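Here's the structure, in structure tokens; my notes come after.
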Amino acid sequence: MSFLRRRSAATPAGPDFDVLAMDPGDWPGNLGAGLLPAPDGSCQGVFLRYDLFGGRGPAMIIGNLPEGSPAREVDEGQIPFEVAQLLLALENEEPVEVVETEDLPVMQGDNLLIVRRLKLSESRISCVQFDRSDNVLVTIASWDRPITDDLYALLKPLPAELFQQG
């Protein structure tokens with residue numbers, strides 16, 4: 001996907017990679033963003049929390065984890081970081097695990113994505129993952145809403161200014 005590129009700056013003010021998600025201006029409800037810092041101050045990932053339930057919990061979490069991020073390292077059967085964040089935000093303490101995975105081809109514009117659909121023991125959670133051309137893993141976890149192919153058309157790089165502290 002040629003529009004995704006690594007950013008380099010003398011002083012990092014956020015992630016040094018483009019964050020692929022839905023533009024908050026295109027999405028109703030509240031948006032929260034979190035950065036995963038490494039001990040050296042670099043960014044090990046970004047996750048965005050879309051709250052459509054008026055403060056009663058998020059409907060969707062989209063994570064962007066670069067190569068080498070410890071949040072990407074999960075054992076077989078373990079849930080992705082974004083699913084754990086979704087469960088935490090919903091105050092759901094029931095144990096959840098991955099019970100099945102399936103790889104599906106999906107078109108995003110002119111790009112072919114191989115999307116990994118995760119089936120979880122909690123059937124109200126939908127979860128998909130795909131690797132970008134810059135080796136950033138994108139994970140989408142949705143509560144009580146299926147993830148359809150239409151969603152991929154809404155994904156775009158968000159401006160770096162969204163993640164700068166000022």
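By convention in this document, the chains of the structure tokens carry letters A, B, ... by their order, each chain's residues are numbered from 1, and ligands are numbered from 1 in the order they are shown.
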Checklist line | 12 Å contact set for A:Ser123, only C-alpha atoms, chain neighbours under 6 positions out, as a ChimeraX atom specification | finding: /A:96-100,141-146
Could you save those same residues with N, CA and C atoms as an mmCIF file, in the first residue's frame?
data_model
loop_
_atom_site.group_PDB
_atom_site.id
_atom_site.type_symbol
_atom_site.label_atom_id
_atom_site.label_comp_id
_atom_site.auth_asym_id
_atom_site.auth_seq_id
_atom_site.Cartn_x
_atom_site.Cartn_y
_atom_site.Cartn_z
ATOM 1 N N VAL A 96 -11.782 -14.899 27.782
ATOM 2 C CA VAL A 96 -12.044 -14.989 26.345
ATOM 3 C C VAL A 96 -10.789 -15.524 25.684
ATOM 4 N N GLU A 97 -10.979 -16.387 24.708
ATOM 5 C CA GLU A 97 -9.838 -16.910 23.955
ATOM 6 C C GLU A 97 -10.189 -17.022 22.478
ATOM 7 N N VAL A 98 -9.151 -17.131 21.661
ATOM 8 C CA VAL A 98 -9.328 -17.335 20.232
ATOM 9 C C VAL A 98 -9.609 -18.819 20.010
ATOM 10 N N VAL A 99 -10.696 -19.121 19.310
ATOM 11 C CA VAL A 99 -11.043 -20.519 19.073
ATOM 12 C C VAL A 99 -10.793 -20.960 17.631
ATOM 13 N N GLU A 100 -10.690 -19.966 16.703
ATOM 14 C CA GLU A 100 -10.480 -20.313 15.300
ATOM 15 C C GLU A 100 -10.003 -19.077 14.545
ATOM 16 N N ALA A 141 -11.153 -4.592 16.658
ATOM 17 C CA ALA A 141 -12.003 -5.363 17.566
ATOM 18 C C ALA A 141 -13.289 -4.578 17.763
ATOM 19 N N SER A 142 -14.412 -5.232 17.553
ATOM 20 C CA SER A 142 -15.709 -4.568 17.598
ATOM 21 C C SER A 142 -16.630 -5.295 18.565
ATOM 22 N N TRP A 143 -17.370 -4.522 19.341
ATOM 23 C CA TRP A 143 -18.313 -5.092 20.309
ATOM 24 C C TRP A 143 -19.722 -5.063 19.735
ATOM 25 N N ASP A 144 -20.325 -6.220 19.645
ATOM 26 C CA ASP A 144 -21.737 -6.360 19.274
ATOM 27 C C ASP A 144 -22.057 -5.793 17.889
ATOM 28 N N ARG A 145 -21.055 -5.731 17.009
ATOM 29 C CA ARG A 145 -21.234 -5.272 15.628
ATOM 30 C C ARG A 145 -20.337 -6.108 14.738
ATOM 31 N N PRO A 146 -20.882 -6.710 13.699
ATOM 32 C CA PRO A 146 -20.016 -7.475 12.795
ATOM 33 C C PRO A 146 -19.095 -6.547 12.013
#
Check: Per DSSP on the backbone, what are the helix (DSSP H, G or I) residues of stretch 12-164 of chain A, as a PyMOL selection string?
Finding: chain A and resi 24-26+70-72+81-89+150-154+160-163
Which residues of stretch 7-106 of chain A have any atom within 12 Å of an atom in stretch 117-121 of chain A when counting only C-alpha atoms, and what is the closest pair of atoms for each, with the distance in Å to one decimal? Order the rows by chain and rising number and write it as CSV.
residue,atom,partner,partner_atom,distance
A:Glu76,CA,A:Leu118,CA,11.8
A:Gly77,CA,A:Leu120,CA,9.1
A:Gln78,CA,A:Leu120,CA,9.6
A:Ile79,CA,A:Leu120,CA,8.0
A:Pro80,CA,A:Leu118,CA,9.5
A:Val83,CA,A:Leu120,CA,9.6
A:Ala84,CA,A:Leu120,CA,11.8
A:Glu94,CA,A:Ser121,CA,10.0
A:Pro95,CA,A:Ser121,CA,8.5
A:Val96,CA,A:Ser121,CA,5.5
A:Glu97,CA,A:Ser121,CA,5.5
A:Val98,CA,A:Leu120,CA,4.5
A:Val99,CA,A:Leu120,CA,5.4
A:Glu100,CA,A:Lys119,CA,5.1
A:Thr101,CA,A:Leu118,CA,4.6
A:Glu102,CA,A:Arg117,CA,5.2
A:Asp103,CA,A:Arg117,CA,6.2
A:Leu104,CA,A:Arg117,CA,7.3
A:Pro105,CA,A:Arg117,CA,10.5
A:Val106,CA,A:Arg117,CA,11.2
Residues from last step as file, C-alpha atoms, as a CSV table (one decimal), in the first residue's frame:
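Output file again-v4.csv is given in full below:
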chain,number,residue,atom,x,y,z
A,76,GLU,CA,-1.6,-19.3,20.4
A,77,GLY,CA,-5.2,-19.1,21.6
A,78,GLN,CA,-4.6,-15.8,23.4
A,79,ILE,CA,-6.6,-12.7,22.5
A,80,PRO,CA,-5.0,-9.7,20.7
A,83,VAL,CA,-9.5,-7.3,22.3
A,84,ALA,CA,-8.1,-7.2,25.9
A,94,GLU,CA,-15.1,-13.2,31.6
A,95,PRO,CA,-12.2,-15.2,30.2
A,96,VAL,CA,-12.0,-15.0,26.3
A,97,GLU,CA,-9.8,-16.9,24.0
A,98,VAL,CA,-9.3,-17.3,20.2
A,99,VAL,CA,-11.0,-20.5,19.1
A,100,GLU,CA,-10.5,-20.3,15.3
A,101,THR,CA,-8.8,-18.2,12.6
A,102,GLU,CA,-9.6,-17.8,8.9
A,103,ASP,CA,-7.6,-15.9,6.2
A,104,LEU,CA,-9.8,-14.0,3.7
A,105,PRO,CA,-8.8,-11.9,0.7
A,106,VAL,CA,-10.3,-8.4,0.8
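Using only C-alpha atoms, the smallest distance between any of A:Glu67, A:Tyr50, A:Arg124, A:Ile114 and A:Ala89 comes from A:Tyr50.
For the pair atom CA of A:Phe47 and atom CA of A:Glu82, the interatomic distance is 7.4 Å.
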